[in-house]
Every structure is written in C-alpha cells, then in structure tokens.
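J.: Quick one: structure below, then a few questions.
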Amino acid sequence: MEALKAHEELRKYNAELMERAEQLAVSSRYKSEFLANMSHELRTPLNSMLVLTKLLADNAEGNLTSQQVEFARTIYSAGSALLQLINDMLDVTSIEAGRMGIHPILVSLPKLVRLLEAAFAPLAQDRRLSLIVDVEPDVPNELRADEQRLQQVLRNLLSNAIKFTPRGEVKLRVAMAPPGVDYDDDSLHDATDLLAFQVIDTGIGIAPDKRDVIFEAFRQADSTTSRKYGGTGLGLAICRDIARLLGGEIHVDSELGKGSTFTLYLPASYIGPLAATDPGTARRQLMTQPSEESATTAPELVEPPAETLSQWQGDDPLNGAKILIVDDDIRNVFALTSVLERHGSTVVYAENGREGIEQLERNEDVALVLMDIMMPEMDGWATTSAIRRMPQFADLPIIALTAKVMRGDREKSIASGVSDYVPKPVDVDDLLERLRGWLSR
Ligand SMILES: Nc1ncnc2c1ncn2[C@@H]1O[C@H](COP(=O)(O)OP(=O)(O)O)[C@@H](O)[C@H]1O
Ligand SMILES: [Mg+2]
C-alpha cells in the first residue's frame with residue numbers, strides 16, 4: 001500500500017517536472033528568437049552609421065579639421081565595437097538555441113592560412129610583434145569543415161594572442177595532432193585524422209586557476225582585463241562551442257608572464273558535432289529543441305574573381321558603371337550612393353521591388369544591382385526571381401545586401417538567383433572589391 005502511494009506520488013512529480021521543462025523550453029526559444037530579431041533590428045541602423053562615419057573619417061574632400069576626422073574615427077571604432085558585441089550576442093543565442101548551422105565544404109588549408117596571415121599582419125606590425133606562420137609538411141592540403149566558422153575561431157584566437165602580447169611574437173602553427181593528447185571527448189582518442197591549429201604567443205599568460213573560467217561567457221582572467229584590454233569575454237565561450245560543433249576541442253596551455261598556446265583540435269573531415277560534455281551545455285540542450293539544421297553541404301554561391309585594390313588605380317571598373325540600388329531604407333541608399341559616386345559610378349535607385357523592375361526597364365544599361373532583402377510587399381528574393389525571368393537580365397549581377405543572417409537565407413538567395421550575398425552592416429572596402437570583381441567579368 002505504502003509502496004503504491006509512493007509510486008503514484010513519484011509519477012505525479014515526474015509529470016510536473018516534464019511540464020516545467022516544456023515551459024522552460026518554450027520560454028528559452030522565445031528569448032532566443034527575441035534576441036535574434038533584436039540583433040537584426042540593431043544592425044540595420046548601425047549599418048548606415050558605420051558607412052557614413054567611414055566616409056567622414058576618410059575626409060576625401062579634405063574639408064574637415066584633423067580633430068573632426070579624429071571624432072569621426074572614434075565614432076567609427078565605437079560603432080564597430082558595438083557591432084562586434086551584437087554579432088557575438090547573436091552567436092551565443094543561436095548556439096544556445098541549437099541553431100548555429102554548420103556548412104562543411106572543402107577548405108584549402110594554404111588559402112586559409114594566407115587569408116589569416118594577410119588579415120593579422122598589419123595588426124601585428126602596428127604592435128611591433130612578429131607574426132609567424134608555420135604549416136608542417138605532413139598536413140593535408142584540404143580539409144572538410146565549415147570555413148567561415150573555422151576562420152571565426154582562429155581569428156578570435158589570433159586577435160586574443162595579439163591583444164594580450166605586449167612584445168615578442170605570435171605564431172600560427174598547423175600540424176597533425178600528436179599522439180597522447182588528453183581529450184575531453186573520448187571519441188577523439190580514436191580519431192586518426194586530427195589536425196592541431198595552434199596559436200602560440202609570448203604574452204602575459206593565464207594563471208592556472210583561470211584556465212577554465214576564461215571559456216565562460218562574459219568572463220575574463222581578472223577584473224582589470226576589460227579596463228586594460230577592452231573586450232567583453234564572449235570570444236572564447238563562442239570558440240569553445242563552435243569547436244564542439246565542428247567536431248573538435250580547444251585546449252589551452254600557458255605560463256604566467258611567458259605566454260599562452262591555444263590549440264584547436266579538429267578532424268580533417270567533418271563528421272558531426274561532439275556531444276556536449278560540459279554540464280552547462282548539456283542542460284541547455286535538454287531544454288531546447290534539437291537542432292533542425294541538417295549537416296549537408298549547402299551549395300556555394302558563385303565567387304566573383306578576387307582582385308586586389310592596387311590593381312584598380314588606373315582603370316577602375318566602378319568608374320562610369322551604372323548601378324541600381326533597390327532599398328526601402330533611404331539612409332542606406334544615401335550612404336551607398338555617396339560611396340559609389342565617389343568612385344565614379346552613376347546610381348539609380350528604387351524604393352521597392354516593383355519600382356526596381358521599372359527602373360531596370362528604363363535603364364537597360366544598368367551594369368549591376370544592389371538588392372536589399374527585407375522590403376515590404378515584394379522582398380529582395382521575390383524581386384530577384386522576377387528580374388531573372390526577364391531574359392535580357394539573365395546574367396545581370398545582382399548582389400543581395402541583408403542584415404538577416406537567419407537559417408535558410410543562403411539557400412533562399414541561391415534559389416532566387418542572386419549572384420552574390422553581402423552581409424550588413426556592409427564593410428565598404430569589401431563591398432567595393434566585390435563590385436569590381438563582378439563588373440570586370
Ligand atoms: N592569448 C591570451 N593570453 C592571455 N590571456 C588570454 C589570451 N586569450 C584569452 N585570454 C584571457 O581570456 C579572457 C577571455 O577571452 P575572450 O573570451 O576572447 O574575451 P575578451 O577578448 O573579450 O576579453 C581574456 O579576457 C583574457 O583574460
Ligand atoms: Mg577575445
């Protein structure tokens with residue numbers, strides 16, 4: 001009798017727990033969605049702020065005082081820091097909600113390393129550090145991984161290394177993982193194709209009791225870090241989670257005052273994410289839905305021919321090109337128009353998709369279209385599909401500009417027929433390079 005009662009009670013308790021867990025899952029999903037939308041809404045106005053302050057700081061007309069240029073630079077760098085924070089927040093929430101998609105492709109290792117070297121060499125030089133790149137001869141030329149995410153992790157580790165190294169050197173080393181590494185995840189002990197990406201610095205180092213803490217969100221080695229070096233403490237938390245999603249692990253080895261080595265162990269061929277071992281992550285996974293993201297390779301957008309800036313000093317393809325901007329946010333149109341006109345392009349613009357098509361019919365000499373995606377009534381995808389149905393515009397380069405970085409967007413862009421896809425806020429130099437690439441085809 002007693003046992004039966006206890007059993008009944010246990011059952012009731014269990015049911016109640018399940019219900020609570022369900023409620024938590026729902027509210028956590030709302031929270032993630034809210035944050036993702038918020039981040040999007042914050043990016044759009046930030047976009048025009050960044051583009052316009054960059055223009056001011058460049059002082060092309062030479063009519064600003066040096067102090068005014070300095071102000072513009074400060075606004076630009078504060079805006080960039082804000083953007084970084086928003087991006088990090090979005091990453092944290094999409095990882096928590098199990099929504100960070102992994103899109104593995106074949107990645108050329110020499111190209112990846114060259115890209116990172118080019119990106120960080122000026123920074124290292126500024127700080128009088130030597131940046132050394134060392135790829136062991138026995139590593140494969142190609143690996144299968146999510147290139148963008150892999151880059152994100154390595155960029156984070158490199159920027160930390162440079163930030164926390166007052167003198168000496170920062171080294172990026174790629175090698176096969178040596179035997180005998182003590183992995184957190186058992187399945188890695190059997191892997192035969194593990195690569196080790198190491199970022200080695202001669203910087204301030206990390207105290208032994210801080211080596212776990214630094215991987216937690218919003219945590220830095222000590223309370224003076226943010227005052228002295230800036231940052232918010234999200235970088236390594238994101239890196240650790242992405243490493244796991246990529247099927248790998250990050251380890252740290254350090255000596256206070258001598259330097260640190262961060263190692264990303266990664267299978268040369270992506271097989272899937274590692275199961276979470278950390279209790280925090282495990283709990284989050286229980287409360288949230290399983291990832292809906294499939295691990296299949298998304299088709300790649302066509303790459304425009306990559307060109308370097310210096311090539312265009314004489315004959316800039318932007319010069320004289322007619323470009324159509326379709327965007328409902330007049331601030332964006334204004335910002336982009338000023339940049340393009342400075343490079344000699346002629347700009348026509350349309351406030352919505354329907355008008356965009358009319359503009360094209362009136363201006364058959366338009367060489368390229370910049371297409372905003374989020375527009376009322378007829379969005380950028382629908383407009384692009386409609387343009388593609390007009391035979392004379394089958395090959396017209398259409399570049400989608402969007403602050404939306406939601407799941408499924410890449411697939412949608414490809415399906416609608418856009419030629420390229422540029423995230424907002426727009427990095428002006430990057431955008432110009434891509435336009436030149438498309439215009440000079
Ligand atoms: N290469 C490094 N050398 C010394 N300390 C580091 C290094 N990388 C990270 N740290 C420590 O780990 C903390 C967390 O790093 P991170 O999550 O990237 O945040 P942030 O860079 O915003 O401070 C840093 O604040 C710093 O205290
Ligand atoms: Mg950092």
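All residue names refer to the structure tokens as shown: chains lettered A, B, ... in order, residues numbered from 1 in each chain, ligands numbered from 1 in order.
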I need the residues in segment 62-237 of chain A that are alpha helix (DSSP H) according to DSSP; give them as a VMD selection string.
T.: chain A and resid 66 to 96 109 to 126 147 to 163 225 to 229 235 to 237
J.: Which polymer residues have any atom within 7 Å of an atom of Val153 of chain A, counting only C-alpha atoms, with same-chain residues fewer than 4 positions away left out, as a PyMOL selection string?
T.: chain A and resi 149+157+239
J.: Find the spatial neighbours of Leu368 of chain A, counting only C-alpha atoms, within a cut-off of 7 Å - ignore same-chain residues fewer than 3 positions away - and output them as a count of residues only.
T.: 5
J.: Which residues form the shell of 7 Å around ligand 2 when you count only C-alpha atoms and all ligand atoms, given as a ChimeraX atom specification?
T.: /A:156,159-160,231,233-236
J.: Export, as a short mmCIF file (atom, residue, chain, number, x, y, z; two decimals), in the first residue's frame, the selected residues with C-alpha atoms.
T.:
```
data_model
loop_
_atom_site.label_atom_id
_atom_site.label_comp_id
_atom_site.auth_asym_id
_atom_site.auth_seq_id
_atom_site.Cartn_x
_atom_site.Cartn_y
_atom_site.Cartn_z
CA ASN A 156 39.35 35.04 -32.29
CA SER A 159 43.20 38.54 -32.05
CA ASN A 160 43.42 37.49 -28.40
CA GLY A 231 36.62 43.11 -24.82
CA GLY A 233 34.72 37.95 -22.57
CA LEU A 234 32.43 36.31 -25.11
CA GLY A 235 35.09 35.33 -27.65
CA LEU A 236 36.44 32.15 -26.09
#
```
J.: Could you list, as number ranges by chain, all protein and nucleic acid residues with an atom at most 9 Å from ligand 1, counting only C-alpha atoms and all ligand atoms?
T.: A: 156-165, 199-207, 210-211, 213-226, 229-239, 254, 256-257, 259-262
J.: My list of candidates is A:Pro425, A:Pro267, A:Pro137, A:Pro110. Which is closest to Ala335 of chain A when distances are computed with only C-alpha atoms?
T.: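 Once distances to Ala335 of chain A are computed over only C-alpha atoms, the minimum belongs to A:Pro425.
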